[in-house]
Every structure is written in structure tokens, then in C-alpha cells.
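This is data-v7.pdb. It holds PDB, C-alpha atoms.
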```pdb
MODEL        1
ATOM      1  CA  MET A   1      61.239 -24.866 215.423
ATOM      2  CA  SER A   2      62.777 -23.837 212.108
ATOM      3  CA  GLU A   3      61.848 -20.476 210.619
ATOM      4  CA  SER A   4      60.358 -22.262 207.599
ATOM      5  CA  LEU A   5      58.051 -24.383 209.761
ATOM      6  CA  GLN A   6      57.086 -21.367 211.840
ATOM      7  CA  ASP A   7      56.114 -19.466 208.669
ATOM      8  CA  GLN A   8      54.077 -22.419 207.399
ATOM      9  CA  ILE A   9      52.223 -22.767 210.705
ATOM     10  CA  GLN A  10      51.477 -19.025 210.779
ATOM     11  CA  PHE A  11      50.117 -19.257 207.219
ATOM     12  CA  LEU A  12      47.885 -22.189 208.185
ATOM     13  CA  ILE A  13      46.589 -20.270 211.194
ATOM     14  CA  GLU A  14      45.937 -17.211 209.012
ATOM     15  CA  ILE A  15      43.982 -19.114 206.366
ATOM     16  CA  ASP A  16      41.620 -20.496 209.007
ATOM     17  CA  LYS A  17      39.952 -17.093 208.540
ATOM     18  CA  LEU A  18      38.526 -18.473 205.281
ATOM     19  CA  LYS A  19      35.899 -20.204 207.431
ATOM     20  CA  THR A  20      34.562 -16.768 208.413
ATOM     21  CA  ILE A  21      34.088 -15.420 204.874
ATOM     22  CA  GLU A  22      30.420 -15.849 204.003
ATOM     23  CA  ARG A  23      29.234 -16.205 200.444
ATOM     24  CA  LYS A  24      25.845 -15.076 199.122
ATOM     25  CA  THR A  25      24.642 -18.647 198.603
ATOM     26  CA  ARG A  26      23.068 -20.780 201.302
ATOM     27  CA  ILE A  27      24.301 -24.301 201.920
ATOM     28  CA  MET A  28      22.154 -26.831 200.115
ATOM     29  CA  LEU A  29      18.968 -27.567 201.955
ATOM     30  CA  GLY A  30      20.020 -25.385 204.876
ATOM     31  CA  GLU A  31      19.330 -21.918 206.197
ATOM     32  CA  ARG A  32      22.816 -20.540 206.776
ATOM     33  CA  LEU A  33      25.169 -19.074 204.197
ATOM     34  CA  GLU A  34      28.003 -21.159 202.839
ATOM     35  CA  ASN A  35      31.493 -20.004 203.779
ATOM     36  CA  ASP A  36      34.524 -19.902 201.495
ATOM     37  CA  ALA A  37      36.221 -22.882 203.150
ATOM     38  CA  GLU A  38      33.153 -25.057 202.547
ATOM     39  CA  HIS A  39      32.964 -23.802 198.970
ATOM     40  CA  SER A  40      36.624 -24.667 198.310
ATOM     41  CA  TRP A  41      36.263 -28.137 199.826
ATOM     42  CA  HIS A  42      33.137 -28.807 197.763
ATOM     43  CA  LEU A  43      34.912 -27.720 194.577
ATOM     44  CA  ALA A  44      37.871 -30.000 195.320
ATOM     45  CA  MET A  45      35.446 -32.916 195.732
ATOM     46  CA  MET A  46      33.668 -31.943 192.507
ATOM     47  CA  ALA A  47      37.017 -32.025 190.670
ATOM     48  CA  LEU A  48      37.772 -35.471 192.030
ATOM     49  CA  VAL A  49      34.347 -36.852 191.109
ATOM     50  CA  LEU A  50      33.770 -35.029 187.797
ATOM     51  CA  GLN A  51      37.276 -35.084 186.288
ATOM     52  CA  SER A  52      36.199 -37.472 183.504
ATOM     53  CA  HIS A  53      33.983 -34.671 182.140
ATOM     54  CA  ALA A  54      36.835 -32.231 181.501
ATOM     55  CA  ASN A  55      37.244 -31.307 177.835
ATOM     56  CA  LYS A  56      40.924 -32.284 177.931
ATOM     57  CA  ASP A  57      43.071 -34.490 180.107
ATOM     58  CA  VAL A  58      43.945 -32.515 183.230
ATOM     59  CA  ASP A  59      46.415 -32.879 186.057
ATOM     60  CA  ILE A  60      43.783 -33.432 188.734
ATOM     61  CA  LEU A  61      46.158 -32.664 191.606
ATOM     62  CA  LYS A  62      46.873 -29.279 190.027
ATOM     63  CA  VAL A  63      43.139 -28.628 189.590
ATOM     64  CA  ILE A  64      42.494 -29.486 193.246
ATOM     65  CA  LYS A  65      45.374 -27.258 194.373
ATOM     66  CA  MET A  66      43.924 -24.359 192.366
ATOM     67  CA  LEU A  67      40.499 -24.887 193.861
ATOM     68  CA  LEU A  68      41.896 -24.961 197.391
ATOM     69  CA  VAL A  69      43.859 -21.712 196.958
ATOM     70  CA  HIS A  70      41.669 -19.697 194.572
ATOM     71  CA  ASP A  71      39.507 -18.054 197.251
ATOM     72  CA  LEU A  72      42.122 -17.645 199.995
ATOM     73  CA  VAL A  73      42.538 -14.069 198.779
ATOM     74  CA  GLU A  74      39.017 -13.318 199.979
ATOM     75  CA  ILE A  75      40.385 -13.325 203.540
ATOM     76  CA  ASP A  76      41.619  -9.802 202.735
ATOM     77  CA  ALA A  77      39.559  -8.850 199.674
ATOM     78  CA  GLY A  78      36.192 -10.224 200.808
ATOM     79  CA  ASP A  79      33.785 -12.238 198.689
ATOM     80  CA  THR A  80      32.664 -10.247 195.672
ATOM     81  CA  PHE A  81      29.196 -11.322 194.570
ATOM     82  CA  ALA A  82      29.310 -12.746 191.047
ATOM     83  CA  TYR A  83      26.617 -10.352 189.800
ATOM     84  CA  ASP A  84      28.006  -7.210 191.493
ATOM     85  CA  THR A  85      29.148  -5.170 188.507
ATOM     86  CA  VAL A  86      30.627  -2.400 190.663
ATOM     87  CA  GLY A  87      32.444  -4.727 193.057
ATOM     88  CA  ASN A  88      33.913  -6.685 190.168
ATOM     89  CA  THR A  89      35.617  -3.625 188.640
ATOM     90  CA  ASP A  90      38.523  -3.684 191.112
ATOM     91  CA  LYS A  91      38.198  -7.272 192.295
ATOM     92  CA  TYR A  92      41.359  -8.527 190.573
ATOM     93  CA  ASP A  93      43.522  -5.744 191.994
ATOM     94  CA  ARG A  94      42.219  -6.274 195.532
ATOM     95  CA  GLU A  95      42.698 -10.007 195.256
ATOM     96  CA  LEU A  96      46.180  -9.738 193.751
ATOM     97  CA  GLN A  97      47.282  -7.571 196.662
ATOM     98  CA  ALA A  98      45.815 -10.151 199.048
ATOM     99  CA  ALA A  99      47.565 -12.988 197.179
ATOM    100  CA  HIS A 100      50.942 -11.310 197.612
ATOM    101  CA  ARG A 101      50.362 -10.774 201.328
ATOM    102  CA  LEU A 102      48.961 -14.211 202.129
ATOM    103  CA  PHE A 103      51.213 -16.377 199.984
ATOM    104  CA  GLY A 104      54.145 -14.160 200.963
ATOM    105  CA  MET A 105      53.817 -15.524 204.508
ATOM    106  CA  LEU A 106      55.203 -18.853 203.274
ATOM    107  CA  PRO A 107      58.779 -19.820 202.476
ATOM    108  CA  LYS A 108      59.768 -18.414 199.092
ATOM    109  CA  GLU A 109      59.354 -21.588 197.011
ATOM    110  CA  GLN A 110      55.908 -22.371 198.408
ATOM    111  CA  ALA A 111      54.854 -18.734 198.169
ATOM    112  CA  GLU A 112      55.748 -18.712 194.476
ATOM    113  CA  GLU A 113      53.952 -22.011 193.807
ATOM    114  CA  LEU A 114      50.688 -20.841 195.383
ATOM    115  CA  LEU A 115      50.861 -17.440 193.720
ATOM    116  CA  GLN A 116      51.410 -19.080 190.331
ATOM    117  CA  LEU A 117      48.483 -21.457 190.911
ATOM    118  CA  TRP A 118      46.260 -18.490 191.795
ATOM    119  CA  LEU A 119      47.411 -16.498 188.743
ATOM    120  CA  GLU A 120      46.875 -19.504 186.471
ATOM    121  CA  PHE A 121      43.364 -19.982 187.822
ATOM    122  CA  GLU A 122      42.581 -16.303 187.243
ATOM    123  CA  ALA A 123      43.956 -16.345 183.671
ATOM    124  CA  LYS A 124      41.822 -19.377 182.705
ATOM    125  CA  GLN A 125      44.169 -20.293 179.842
ATOM    126  CA  THR A 126      45.267 -23.843 180.719
ATOM    127  CA  PRO A 127      43.011 -26.926 180.653
ATOM    128  CA  GLU A 128      43.402 -27.208 184.446
ATOM    129  CA  ALA A 129      42.381 -23.597 185.065
ATOM    130  CA  GLN A 130      39.474 -23.846 182.641
ATOM    131  CA  PHE A 131      38.161 -27.006 184.296
ATOM    132  CA  ALA A 132      38.629 -25.531 187.787
ATOM    133  CA  SER A 133      36.801 -22.372 186.716
ATOM    134  CA  SER A 134      33.975 -24.447 185.233
ATOM    135  CA  LEU A 135      33.450 -26.128 188.592
ATOM    136  CA  ASP A 136      33.620 -22.776 190.385
ATOM    137  CA  ARG A 137      30.772 -21.538 188.173
ATOM    138  CA  LEU A 138      28.720 -24.734 188.337
ATOM    139  CA  GLN A 139      28.738 -25.201 192.117
ATOM    140  CA  PRO A 140      26.723 -22.076 193.064
ATOM    141  CA  LEU A 141      24.343 -22.778 190.177
ATOM    142  CA  ILE A 142      23.607 -26.209 191.674
ATOM    143  CA  HIS A 143      23.225 -24.622 195.113
ATOM    144  CA  ASN A 144      20.727 -22.079 193.820
ATOM    145  CA  HIS A 145      18.699 -24.703 192.026
ATOM    146  CA  GLN A 146      18.639 -26.915 195.136
ATOM    147  CA  ASN A 147      17.676 -23.923 197.286
ATOM    148  CA  GLU A 148      14.730 -23.018 195.047
ATOM    149  CA  GLY A 149      16.479 -19.973 193.601
ATOM    150  CA  ASP A 150      17.122 -18.342 196.978
ATOM    151  CA  THR A 151      20.062 -16.126 195.964
ATOM    152  CA  TRP A 152      18.703 -15.479 192.479
ATOM    153  CA  GLN A 153      15.401 -14.282 193.885
ATOM    154  CA  LYS A 154      16.922 -12.278 196.731
ATOM    155  CA  TYR A 155      19.082 -10.281 194.290
ATOM    156  CA  TYR A 156      16.651 -10.269 191.311
ATOM    157  CA  ILE A 157      18.955 -12.304 189.080
ATOM    158  CA  THR A 158      17.476 -13.385 185.740
ATOM    159  CA  SER A 159      18.093 -16.491 183.647
ATOM    160  CA  GLU A 160      19.863 -14.298 181.079
ATOM    161  CA  GLN A 161      22.310 -13.110 183.742
ATOM    162  CA  VAL A 162      22.879 -16.671 184.935
ATOM    163  CA  LEU A 163      23.486 -17.900 181.377
ATOM    164  CA  ASN A 164      25.881 -15.038 180.628
ATOM    165  CA  ARG A 165      27.776 -15.528 183.882
ATOM    166  CA  ASN A 166      28.174 -19.264 183.382
ATOM    167  CA  ARG A 167      28.877 -19.544 179.643
ATOM    168  CA  GLU A 168      32.557 -20.089 180.307
ATOM    169  CA  ILE A 169      31.779 -23.493 181.837
ATOM    170  CA  VAL A 170      31.989 -24.786 178.259
ATOM    171  CA  ASN A 171      35.706 -23.913 178.148
ATOM    172  CA  GLY A 172      36.447 -26.549 180.768
ATOM    173  CA  SER A 173      33.651 -29.032 180.121
ATOM    174  CA  GLU A 174      31.113 -29.175 177.326
ATOM    175  CA  THR A 175      29.253 -31.880 179.258
ATOM    176  CA  LEU A 176      28.946 -29.761 182.390
ATOM    177  CA  TRP A 177      27.858 -26.761 180.300
ATOM    178  CA  GLU A 178      25.043 -28.847 178.804
ATOM    179  CA  TYR A 179      24.045 -29.877 182.323
ATOM    180  CA  ALA A 180      24.192 -26.246 183.515
ATOM    181  CA  GLN A 181      21.918 -25.108 180.683
ATOM    182  CA  GLN A 182      19.427 -27.861 181.511
ATOM    183  CA  LEU A 183      19.513 -26.833 185.173
ATOM    184  CA  ILE A 184      18.912 -23.184 184.275
ATOM    185  CA  GLN A 185      15.983 -24.106 182.018
ATOM    186  CA  LYS A 186      14.556 -26.401 184.686
ATOM    187  CA  SER A 187      14.839 -23.520 187.189
ATOM    188  CA  VAL A 188      12.928 -21.265 184.792
ATOM    189  CA  ASP A 189      10.289 -23.944 184.185
ATOM    190  CA  GLN A 190       9.855 -24.405 187.954
ATOM    191  CA  GLY A 191       9.496 -20.657 188.465
ATOM    192  CA  ILE A 192      12.558 -20.328 190.702
ATOM    193  CA  LEU A 193      14.423 -18.250 188.114
ATOM    194  CA  THR A 194      12.837 -15.515 186.037
ATOM    195  CA  LYS A 195      13.544 -14.932 182.368
ATOM    196  CA  SER A 196      13.821 -11.160 182.629
TER     197      SER A 196
ENDMDL
END
```

Using C-alpha cells, write down the structure from this file.
Amino acid sequence: MSESLQDQIQFLIEIDKLKTIERKTRIMLGERLENDAEHSWHLAMMALVLQSHANKDVDILKVIKMLLVHDLVEIDAGDTFAYDTVGNTDKYDRELQAAHRLFGMLPKEQAEELLQLWLEFEAKQTPEAQFASSLDRLQPLIHNHQNEGDTWQKYYITSEQVLNRNREIVNGSETLWEYAQQLIQKSVDQGILTKS
């Protein structure tokens, strides 16, 4: 076996750990928490299905690649809850360190490609990164609505916090932002999300 193939196989074995990283959101209509691997797969499917709603034309393969790699860093850094103000203060630094370790397991060219995809996603400057980020924000919102506000209620999250957290959806898709706002209002109207 070549050294390159051996490195790639070791990387693939290492990233299987993503299946063990639990998020704060339950799977839709289920009792257990979603894991990061399920989240990433669901986002990739969302990109494939919802690509026509992006504000600009996007390279859908690049979007899917970003969505598949964006949370790999949580193998080392853990999942930081979106509304955890303390945990989010050093999140980028922890995740950047993890990105260098994990992607550094690969042959140099692949390591650089994945690191650049992760950095682009984090910067949210390109149409692809903005659309990918929009989906990353929308997916847990849909989960929470489908789960009758489970995570929102458990952590006392208000509609104002949800709106503030998800405003950047508009950068990748005005259509999906309109949908998100409707979903938030519907959640308030149904009493599964409080206003304050």
C-alpha cells in the first residue's frame, strides 16, 4: 500500500468519530440526539434539493464539499451549542487547531483543499459559503420546529435569539430566510417558542 493511500485510509478511519459527536438537537420525530455525521449528510442533501433557492449561481459540488467537511473539526473541538456565548468565544481557535490536525493527516494537496474549503465556509464571503452557511442555520431551525421546540425550550431560547442567530440565512438565500421567518413566527404562534 502506498503511503498516500495509507494516509487517506487513516483519515477516513479517524473521521468516523464524527458519528459519536452529539448535537443539542434531536432527530426529527425521534427521541435521540442527532450526531454530526447525520447533520452533515442532511445538509448535503438540502444543498442538492434546495440549490435553486440560492441568491446567486453556486458551484453545488463545492457547496456539498463544504458541508461535508465543515463539522469534521468537532471531532477534536466538540460541538459548540449555537447559543452558548461563552463556548463561542474561542470556538474558531479550537476548530482551526483541529482542522490543521485532521486535514494534515491527508496527503499535502488534499489536506490543503479541505483546509481551504473549511476556511472558506468559516469566512462566509463567497456565494458557495454563504449558501452552505444558510443551510447550516436552517436545518436545526426545521428540526426544532418539527420537534415542538424541544431544544429551544430545554435551553430557554427565545424567538429574538433565534431570529438574531439565523439572520445570516438571507446572505445565501432570501427565499430560505423568508421561510425561516415564517417558521419562527409559526413556532411562536403554536407556543413552542417564546417571544422573550

Requested in this report: Have a look at A:Asp57, A:Asp79, A:Glu109, A:Glu168 and name the one nearest to A:Ser4; count all atoms listed in the file.
Outcome: A:Glu109

Check which residues of stretch 115-169 of chain A sit at most 12 Å from stretch 82-103 of chain A using all atoms listed in the file, and return one row each with the closest pair of atoms and their distance in Å to one decimal, ordered by chain and rising number, as CSV.
```
residue,atom,partner,partner_atom,distance
A:Leu115,CA,A:Phe103,CA,6.4
A:Gln116,CA,A:Ala99,CA,9.9
A:Leu117,CA,A:Ala99,CA,10.6
A:Trp118,CA,A:Ala99,CA,7.8
A:Leu119,CA,A:Leu96,CA,8.5
A:Phe121,CA,A:Tyr92,CA,12.0
A:Glu122,CA,A:Tyr92,CA,8.5
A:Ala123,CA,A:Tyr92,CA,10.7
A:Asp136,CA,A:Ala82,CA,10.9
A:Arg137,CA,A:Ala82,CA,9.4
A:Pro140,CA,A:Ala82,CA,9.9
A:Leu141,CA,A:Ala82,CA,11.2
A:Thr151,CA,A:Tyr83,CA,10.7
A:Trp152,CA,A:Tyr83,CA,9.8
A:Tyr155,CA,A:Tyr83,CA,8.8
A:Tyr156,CA,A:Tyr83,CA,10.1
A:Ile157,CA,A:Tyr83,CA,7.9
A:Thr158,CA,A:Tyr83,CA,10.5
A:Glu160,CA,A:Tyr83,CA,11.7
A:Gln161,CA,A:Tyr83,CA,7.9
A:Val162,CA,A:Tyr83,CA,8.8
A:Leu163,CA,A:Tyr83,CA,11.7
A:Asn164,CA,A:Tyr83,CA,10.3
A:Arg165,CA,A:Ala82,CA,7.8
A:Asn166,CA,A:Ala82,CA,10.1
```

Where does stretch 99-126 of chain A meet stretch 7-19 of chain A within 10 Å, residue by residue, with the nearest atom pair and distance in Å to one decimal for each, counting all atoms listed in the file, listed by chain and rising number, as a tab-separated table?
```
residue	atom	partner	partner_atom	distance
A:Leu102	CA	A:Phe11	CA	7.3
A:Phe103	CA	A:Phe11	CA	7.9
A:Gly104	CA	A:Phe11	CA	9.0
A:Met105	CA	A:Phe11	CA	5.9
A:Leu106	CA	A:Asp7	CA	5.5
A:Pro107	CA	A:Asp7	CA	6.8
A:Gln110	CA	A:Gln8	CA	9.2
A:Ala111	CA	A:Gln8	CA	10.0
```

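Using only C-alpha atoms for every distance, the candidate list A:Ser196, A:Asn171, A:Gln146, A:Gln6 yields A:Gln146 as the residue closest to A:Ile27.
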
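Of the listed residues A:Glu174, A:Asp76, A:Glu148, A:Asp71, the one whose atoms come nearest to A:Leu114 is A:Asp71, with distances taken using all atoms listed in the file.
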
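Atom CA of A:Phe81 lies 20.2 Å from atom CA of A:Ser187.
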